[in-house]
Structure formats: C-alpha cells, structure tokens
Amino acid sequence: MKNKVIVFLTVIVLIFTGATGVKADTPDIDDCINKTLEYEYKEAAVTDAQSFVNDGLMAVAGVSPCEWWVINIKALYPETDFSEYVKAVEKYLDEAENIKPTDYERIALAFYILGEKDDFIREVIKEQTGKMGIMSVIYGLMPAAYGGYDADYIADSLLEFQLPDGSFSVNQKAGDVDVTAMALQAMAPLREKYEEKINKALEYLNNNMTENGGYKSMGTENSESLAQVIMAKTALKDTENMDILINELITYQNEDGGFCHIKGGKSNSIATYQCMSALISYKNGFVYDKTNLTETGKDDTTVNTIKWQGKYIKYIVLSALGIGYAVFLVVFFIRKKKKKSVFMTFTIVFVGLAVYFSLSDFKTKDEYYDVKTSGEVVTYLEITGHGKEVILSEKEIDIKEGDSAFDQLLTASMIYEIPVDYNGSKVFSSIYVKAIAGMAEFDYGNMSGWTYSVNGEFPNVSCSAYKLSEGDYVRWIYTDDGKVGQ
C-alpha cells in the first residue's frame with residue numbers, strides 16, 4: 001500500500017510539473033499583443049482601442065509616437081474610427097511651429113494607412129524628403145513606395161547612402177542595424193528593381209545577428225534594433241531565422257506587458273510601440289503595407305484591473321503549506337506503523353511555518369521598490385543645438401548605477417532615435433562627442449561643437465568618465481565659440 005501511495009503522489013507531481021514546465025517553441029503572439037495593449041490602455045487610463053484613439057492619442061496627435069500607435073491600432077482593428085484623430089492632427093499642423101521633415105513624413109505615413117489626405121501626402125513627399133539627411137529620405141520613401149506614388153527617384157537617393165558592406169547609417173561611416181532595417185522596410189515594395197542592393201543589405205543584417213538571435217546598435221543589444229529587423233524581414237517576406245528572432249523579442253516583454261529597451265530595464269513607450277509593430281508585422285504582415293489590413297472586427301481586449309500584490313503570494317504559500325500538511329496526514333494514517341514522534345515533529349514544523357508566513361510581510365518587487373526597479377537610477381536630460389534649437393526637451397532617463405553621462409546620452413539616443421557620432425574609448429574614459437542629430441563640430445565655426453553640464457556645472461572630464469547619480473540633470477549644448485556656461 002505504501003508503494004502505491006508513493007507512486008500515486010509521484011505521478012501527480014510529474015503531471016503538474018510537466019504541465020507547467022513545458023516551454024513552447026513559439027510564443028503565443030496574440031497573448032503578447034493583448035498584454036501590450038493592456039499595458040498601453042492602463043497607461044492611457046482607457047479600456048479599448050476606440051477610447052485609446054479618442055482619449056489617449058488625440059492629446060498628442062502629430063507628436064511621436066502617436067502616429068506609430070495609430071498605425072498599430074489600424075492594423076489590429078481596421079473598423080476603429082480615426083476621424084477625431086485626423087481633425088486633431090490638422091489642428092496640430094496649423095498651429096505647431098518648427099515641425100521637422102521626419103514629423104511631416106510620419107504623419108503622411110499615418111494618413112496613407114488611414115486613406116486620408118492624398119494631397120498632403122504628395123506635398124510632403126515632394127517638399128520634405130531628404131531635407132534632414134538619410135532618415136528623411138527613408139521616411140519619405142515609405143508613404144511613396146507603399147502608396148504607389150513616384151518613388152524610384154527617392155530610392156535612388158537612398159541608395160547613395162549605402163555602404164560597401166550593404167549597410168546604411170546616419171554618419172555614413174559604419175553600418176547601423178536600425179537604419180539598415182528601416183531602409184529595407186522602405187525599399188521592400190521596389191525589390192524587383194533594386195533586388196541586388198536590397199539583398200546586400202539583408203545579408204548585412206543576417207551577418208550581424210547575435211548568438212541568441214538579437215541585434216546591437218551602438219554596441220548595445222536592445223529590443224528596438226531587433227524589432228526593426230523583424231519588420232524589415234516581414235516587409236521582404238523573408239522568414240529566415242524568424243522564429244528565433246520572435247522568441248528573442250519576447251524576452252524583452254516585462255510582466256506589465258510593456259517592453260524594455262535593454263533586458264532588465266523598465267518598460268518604456270519607444271520600445272513598446274516598436275516591438276508591438278514587430279509583433280503585428282509577424283502576425284498579419286508588414287504593418288506599413290496597407291494591403292495587409294483585414295477586417296478583424298472590434299477590439300475585444302479587456303483590461304485586467306486586478307493588480308498582483310504581495311498578499312496574494314502569502315495566500316498561495318499558506319495554501320501550499322495546507323495542501324502539504326494534508327498530504328502528510330494521508331500518508332501518515334495509511335501507514336501500518338505510526339510513530340507519534342514523527343507526527344508531532346511534522347505537525348510542529350508545518351504549524352511553525354504557517355505562523356511564520358502568516359506574520360511575514362510579503363511584497364512584490366514593485367511594492368518593495370515603490371514601483372522603481374532595483375539597480376536603476378533616475379536622471380534627466382535635455383539637448384539644445386545651434387541657435388537654441390531644441391533637439392530633446394527635458395526627459396527622464398533611467399540608467400544603471402555607475403553609468404556615465406555618455407551612457408545616458410546613448411540610452412536617450414536609442415529611445416528617441418537621435419543619432420550620435422563620437423570617437424575615443426569607453427575603456428579609457430576618453431569618449432568625445434562629435435555630433436548629435438547630424439549637428440557636428442565645426443559646422444558653425446572653428447570653435448563650434450558639443451559640451452555638457454551636470455546640474456549647471458561643466459565638468460572638466462570626458463562625458464564617459466563622469467558617473468551620474470540619482471536626480472542628476474544633464475544638458476548637452478552646442479556652442480558656436482567654444483565658450484561654456486552661456
């Protein structure tokens with residue numbers, strides 16, 4: 001009888017451990033997408049796609065990443081009404097000042113997806129393409145190529161930026177995964193004409209995949225670079241290594257449903273919308289290609305309002321102890337030989353544990369750190385270019401403990417898609433920042449260039465040598481005469 005009980009309990013354990021321990025080869029994409037939607041809906045304090053557009057996105061219409069989310073929602077729920085959003089963007093275009101070419105092009109791409117404002121799209125393609133370097137060429141080519149407008153001359157212009165190894169980059173010196181992937185996304189509809197050039201760029205991406213299926217930009221493996229590669233491959237209908245890439249992308253999704261820039265970091269809006277675009281592209285076809293839109297019906301995503309708390313963990317632990325004690329009682333009383341000392345020992349142990357855990361204060365990670373991830377330091381950054389041009393207004397940047405002002409700048413450059421050119425060595429703390437957002441040293445005189453301040457003081461060491469602390473405020477300033485503190 002004893003052996004039968006042991007066998008029975010062993011089978012039960014194997015069943016439960018087997019049921020919970022098997023990892024699928026491919027993640028549930030629908031589940032990942034729904035978790036991301038729940039995250040965004042909670043952030044915007046809304047409950048569905050329509051209210052997300054009307055109440056969440058309209059307030060920031062015309063400002064990135066609003067249009068990327070419009071495109072994502074349209075791809076998932078084509079029946080969503082975007083009329084109020086379109087009105088809000090029109091108002092933004094009438095009232096806003098200093099709109100960048102890439103901003104116009106992003107809005108034009110959203111209008112193409114929505115089937116709106118053909119005249120505006122044509123004007124933007126004609127007037128804004130190429131006015132802000134390679135990125136404005138790529139962004140201009142996207143609505144032109146996918147919308148069936150005259151795109152060949154833009155593609156020819158883009159290919160002038162292609163490097164010998166097939167890659168593209170902002171500085172035209174060393175290839176960049178993100179820029180190469182975005183160039184391929186824009187060129188995909190024209191593959192038949194430019195197949196050799198496109199295949200060369202695709203080869204560059206394939207050769208730069210890391211061992212675990214990820215991608216680096218500026219030396220750091222991150223979710224956005226991986227997302228852009230997935231989107232490029234879906235645009236080209238290239239399935240090589242796709243399952244590996246998708247599985248790796250999911251490792252960046254946090255428990256709250258959002259995506260982080262670097263593994264272990266907090267969820268942020270830039271990483272989340274780009275990874276969402278990649279997931280949708282993998283599921284439905286490239287997200288910027290309107291021919292992939294299908295009538296999928298209304299948004300049936302529901303927001304789970306139950307927040308995981310430490311007290312629930314306590315309930316689970318106590319329940320497990322109760323079940324364990326019940327199993328012990330069953331085993332004990334079916335035994336022929338019953339030792340009272342064994343019964344008393346196990347009972348005291350279980351009761352002691354129950355009392356201990358009942359009096360313990362269980363907390364989740366967010367509760368313990370007050371919604372701040374352990375090991376992260378909150379800092380602030382702004383970047384001001386020539387003529388006091390605001391390249392980046394004040395932003396909160398989460399960095400790791402021990403990170404430098406240069407690390408903070410690189411983190412921001414990835415999150416907000418601001419190209420940074422530099423030379424020197426991080427190992428020897430000798431980094432020198434040559435250019436930010438295409439604005440380089442000597443562009444406005446022999447003494448012009450970039451400098452930085454921390455909390456109003458200008459350090460006399462390299463930005464890679466200055467370690468930041470909690471709450472530090474960093475300003476990058478472009479000076480025309482080499483003077484600081486102006």
# chains A, B, ... in the order shown; residues from 1 in each chain; ligands from 1
$ residues_around --residues "stretch 60-70 of chain A" --least-positions-apart "6" --cutoff "10 Å" --atoms "only C-alpha atoms" --output "MDAnalysis selection string"
chainID A and resid 40 49 52:53 80 82 85:93 96 99 103:104 106:111 113:114 269:270 272:274 276:277 287:288 416
$ write_last_selection --atoms "N, CA and C atoms" --output "tab-separated table (two decimals), in the first residue's frame"
chain	number	residue	atom	x	y	z
A	40	GLU	N	-0.70	49.51	-22.54
A	40	GLU	CA	-0.93	50.84	-23.09
A	40	GLU	C	-2.27	51.41	-22.64
A	49	ALA	N	-9.67	50.03	-27.83
A	49	ALA	CA	-8.96	50.71	-28.92
A	49	ALA	C	-9.58	52.06	-29.27
A	52	PHE	N	-8.79	54.52	-26.69
A	52	PHE	CA	-7.36	54.78	-26.75
A	52	PHE	C	-7.04	55.83	-27.80
A	53	VAL	N	-7.71	55.73	-28.95
A	53	VAL	CA	-7.52	56.72	-30.01
A	53	VAL	C	-8.10	58.07	-29.60
A	80	THR	N	-11.88	50.73	-36.36
A	80	THR	CA	-11.77	51.86	-35.43
A	80	THR	C	-11.97	53.18	-36.17
A	82	PHE	N	-11.12	56.88	-36.81
A	82	PHE	CA	-10.00	57.79	-36.59
A	82	PHE	C	-10.32	59.23	-36.99
A	85	TYR	N	-9.14	61.88	-34.56
A	85	TYR	CA	-7.67	61.97	-34.59
A	85	TYR	C	-7.22	62.81	-35.78
A	86	VAL	N	-7.81	62.57	-36.95
A	86	VAL	CA	-7.43	63.33	-38.15
A	86	VAL	C	-7.65	64.82	-37.93
A	87	LYS	N	-8.76	65.18	-37.31
A	87	LYS	CA	-9.03	66.60	-37.02
A	87	LYS	C	-7.97	67.17	-36.07
A	88	ALA	N	-7.58	66.37	-35.09
A	88	ALA	CA	-6.58	66.83	-34.12
A	88	ALA	C	-5.23	67.05	-34.79
A	89	VAL	N	-4.86	66.18	-35.74
A	89	VAL	CA	-3.60	66.34	-36.46
A	89	VAL	C	-3.65	67.58	-37.34
A	90	GLU	N	-4.77	67.81	-37.99
A	90	GLU	CA	-4.91	69.01	-38.82
A	90	GLU	C	-4.72	70.27	-37.98
A	91	LYS	N	-5.27	70.27	-36.79
A	91	LYS	CA	-5.10	71.41	-35.89
A	91	LYS	C	-3.64	71.56	-35.49
A	92	TYR	N	-2.99	70.43	-35.21
A	92	TYR	CA	-1.58	70.47	-34.85
A	92	TYR	C	-0.74	71.06	-35.99
A	93	LEU	N	-1.00	70.63	-37.22
A	93	LEU	CA	-0.25	71.13	-38.37
A	93	LEU	C	-0.46	72.62	-38.58
A	96	ALA	N	1.32	74.26	-34.85
A	96	ALA	CA	2.66	73.94	-34.37
A	96	ALA	C	3.73	74.69	-35.16
A	99	ILE	N	8.11	72.27	-37.20
A	99	ILE	CA	7.86	70.84	-37.42
A	99	ILE	C	8.98	70.28	-38.30
A	103	ASP	N	8.81	64.51	-39.00
A	103	ASP	CA	7.49	64.57	-38.37
A	103	ASP	C	6.39	64.64	-39.44
A	104	TYR	N	6.61	65.49	-40.44
A	104	TYR	CA	5.65	65.56	-41.56
A	104	TYR	C	5.50	64.18	-42.22
A	106	ARG	N	6.15	61.19	-41.00
A	106	ARG	CA	5.47	60.22	-40.12
A	106	ARG	C	3.96	60.40	-40.19
A	107	ILE	N	3.52	61.64	-40.18
A	107	ILE	CA	2.08	61.94	-40.28
A	107	ILE	C	1.55	61.51	-41.65
A	108	ALA	N	2.34	61.76	-42.69
A	108	ALA	CA	1.93	61.36	-44.04
A	108	ALA	C	1.76	59.85	-44.13
A	109	LEU	N	2.65	59.09	-43.49
A	109	LEU	CA	2.54	57.63	-43.49
A	109	LEU	C	1.27	57.19	-42.79
A	110	ALA	N	0.96	57.83	-41.67
A	110	ALA	CA	-0.28	57.50	-40.95
A	110	ALA	C	-1.50	57.83	-41.80
A	111	PHE	N	-1.47	58.96	-42.48
A	111	PHE	CA	-2.60	59.33	-43.35
A	111	PHE	C	-2.76	58.33	-44.48
A	113	ILE	N	-2.01	55.11	-44.37
A	113	ILE	CA	-2.61	53.92	-43.78
A	113	ILE	C	-4.10	54.12	-43.55
A	114	LEU	N	-4.48	55.33	-43.16
A	114	LEU	CA	-5.89	55.62	-42.88
A	114	LEU	C	-6.68	55.96	-44.14
A	269	SER	N	7.91	53.70	-23.58
A	269	SER	CA	6.97	53.87	-24.70
A	269	SER	C	7.61	53.58	-26.05
A	270	ILE	N	8.87	53.99	-26.25
A	270	ILE	CA	9.52	53.81	-27.55
A	270	ILE	C	9.72	52.33	-27.85
A	272	THR	N	8.14	49.88	-26.54
A	272	THR	CA	6.85	49.18	-26.59
A	272	THR	C	6.18	49.33	-27.94
A	273	TYR	N	6.14	50.54	-28.49
A	273	TYR	CA	5.44	50.68	-29.78
A	273	TYR	C	6.21	50.00	-30.90
A	274	GLN	N	7.55	50.04	-30.85
A	274	GLN	CA	8.32	49.39	-31.91
A	274	GLN	C	8.18	47.87	-31.85
A	276	MET	N	5.67	46.28	-30.56
A	276	MET	CA	4.29	46.00	-30.95
A	276	MET	C	4.17	45.96	-32.48
A	277	SER	N	4.80	46.92	-33.16
A	277	SER	CA	4.78	46.93	-34.63
A	277	SER	C	5.40	45.66	-35.19
A	287	VAL	N	3.40	46.00	-41.13
A	287	VAL	CA	2.38	46.90	-40.60
A	287	VAL	C	2.19	48.16	-41.45
A	288	TYR	N	3.21	48.58	-42.22
A	288	TYR	CA	3.07	49.79	-43.05
A	288	TYR	C	2.51	49.48	-44.45
A	416	TYR	N	14.95	57.83	-28.29
A	416	TYR	CA	14.32	58.92	-29.05
A	416	TYR	C	14.85	59.04	-30.47
$ residues_around --residues "A:Lys388" --least-positions-apart "2" --cutoff "12 Å" --atoms "only C-alpha atoms" --output "ChimeraX atom specification"
/A:382-386,390-393,476-480,486
$ write_last_selection --atoms "C-alpha atoms" --output "short mmCIF file (atom, residue, chain, number, x, y, z; two decimals), in the first residue's frame"
data_model
loop_
_atom_site.label_atom_id
_atom_site.label_comp_id
_atom_site.auth_asym_id
_atom_site.auth_seq_id
_atom_site.Cartn_x
_atom_site.Cartn_y
_atom_site.Cartn_z
CA GLU A 382 17.95 67.82 -22.46
CA ILE A 383 19.79 68.60 -25.70
CA THR A 384 19.99 72.07 -27.24
CA GLY A 385 21.54 72.59 -30.66
CA HIS A 386 22.77 75.55 -32.67
CA VAL A 390 15.55 72.08 -29.03
CA ILE A 391 16.70 68.63 -30.13
CA LEU A 392 15.41 66.95 -26.97
CA SER A 393 13.33 68.70 -24.35
CA TRP A 476 24.15 68.91 -23.91
CA ILE A 477 24.74 72.28 -25.55
CA TYR A 478 26.06 73.18 -28.97
CA THR A 479 28.36 76.18 -28.73
CA ASP A 480 29.45 78.36 -31.62
CA GLN A 486 26.39 80.78 -21.78
#
$ select_by_dssp --residues "stretch 166-346 of chain A" --states "strand (DSSP E or B)" --output "PyMOL selection string"
chain A and resi 168+176+216-217+220-221+253+259-260+267
$ residues_around --residues "A:Tyr41" --least-positions-apart "4" --cutoff "9 Å" --atoms "only C-alpha atoms" --output "number ranges by chain"
A: 36-37, 45-49, 51-52, 56, 303
$ write_last_selection --atoms "N, CA and C atoms" --output "short mmCIF file (atom, residue, chain, number, x, y, z; two decimals), in the first residue's frame"
data_model
loop_
_atom_site.label_atom_id
_atom_site.label_comp_id
_atom_site.auth_asym_id
_atom_site.auth_seq_id
_atom_site.Cartn_x
_atom_site.Cartn_y
_atom_site.Cartn_z
N THR A 36 0.40 43.69 -24.34
CA THR A 36 0.92 45.03 -24.66
C THR A 36 -0.22 46.04 -24.74
N LEU A 37 -1.33 45.63 -25.33
CA LEU A 37 -2.49 46.52 -25.38
C LEU A 37 -2.97 46.86 -23.97
N ALA A 45 -5.22 55.17 -19.26
CA ALA A 45 -6.45 55.16 -18.47
C ALA A 45 -7.69 54.99 -19.35
N VAL A 46 -7.60 54.04 -20.30
CA VAL A 46 -8.73 53.73 -21.18
C VAL A 46 -8.96 52.22 -21.15
N THR A 47 -10.00 51.77 -21.86
CA THR A 47 -10.35 50.35 -21.78
C THR A 47 -10.37 49.64 -23.12
N ASP A 48 -10.34 50.36 -24.25
CA ASP A 48 -10.39 49.70 -25.54
C ASP A 48 -9.73 50.56 -26.61
N ALA A 49 -9.67 50.03 -27.83
CA ALA A 49 -8.96 50.71 -28.92
C ALA A 49 -9.58 52.06 -29.27
N SER A 51 -11.39 54.15 -27.40
CA SER A 51 -11.12 55.17 -26.39
C SER A 51 -9.63 55.49 -26.33
N PHE A 52 -8.79 54.52 -26.69
CA PHE A 52 -7.36 54.78 -26.75
C PHE A 52 -7.04 55.83 -27.80
N GLY A 56 -6.70 58.79 -25.56
CA GLY A 56 -5.28 58.62 -25.28
C GLY A 56 -4.36 59.28 -26.29
N VAL A 303 -9.12 44.81 -20.10
CA VAL A 303 -8.04 45.18 -19.21
C VAL A 303 -8.24 44.50 -17.86
#
$ atom_distance --atom1 "atom CA of A:Gln408" --atom2 "atom CA of A:Glu394"
13.1 Å
$ residues_around --residues "stretch 417-433 of chain A" --least-positions-apart "6" --cutoff "6 Å" --atoms "only C-alpha atoms" --output "list in words"
Ser462, Ser464 and Ala465 of chain A
$ residues_around --residues "A:Leu163" --least-positions-apart "3" --cutoff "9 Å" --atoms "only C-alpha atoms" --output "short mmCIF file (atom, residue, chain, number, x, y, z; two decimals) with N, CA and C atoms, in the first residue's frame"
data_model
loop_
_atom_site.label_atom_id
_atom_site.label_comp_id
_atom_site.auth_asym_id
_atom_site.auth_seq_id
_atom_site.Cartn_x
_atom_site.Cartn_y
_atom_site.Cartn_z
N LEU A 159 19.89 54.98 -51.96
CA LEU A 159 20.98 54.05 -52.25
C LEU A 159 22.34 54.75 -52.32
N GLU A 160 22.33 56.07 -52.45
CA GLU A 160 23.59 56.82 -52.41
C GLU A 160 24.22 56.75 -51.02
N GLY A 166 26.81 46.86 -47.64
CA GLY A 166 25.37 46.75 -47.83
C GLY A 166 24.55 47.51 -46.80
N SER A 167 25.21 48.01 -45.78
CA SER A 167 24.50 48.67 -44.68
C SER A 167 24.22 50.14 -44.98
N PHE A 168 23.45 50.74 -44.06
CA PHE A 168 23.16 52.17 -44.09
C PHE A 168 23.44 52.72 -42.70
N SER A 169 23.74 54.01 -42.62
CA SER A 169 23.93 54.63 -41.32
C SER A 169 23.74 56.13 -41.46
N GLN A 172 27.33 57.61 -42.20
CA GLN A 172 27.89 57.09 -43.46
C GLN A 172 29.32 56.58 -43.29
N LYS A 173 29.65 56.15 -42.07
CA LYS A 173 31.00 55.63 -41.81
C LYS A 173 30.96 54.16 -41.45
N ALA A 174 30.12 53.83 -40.49
CA ALA A 174 29.99 52.44 -40.06
C ALA A 174 28.52 52.05 -40.09
N GLY A 175 28.24 50.82 -40.53
CA GLY A 175 26.86 50.39 -40.67
C GLY A 175 26.10 50.40 -39.36
#
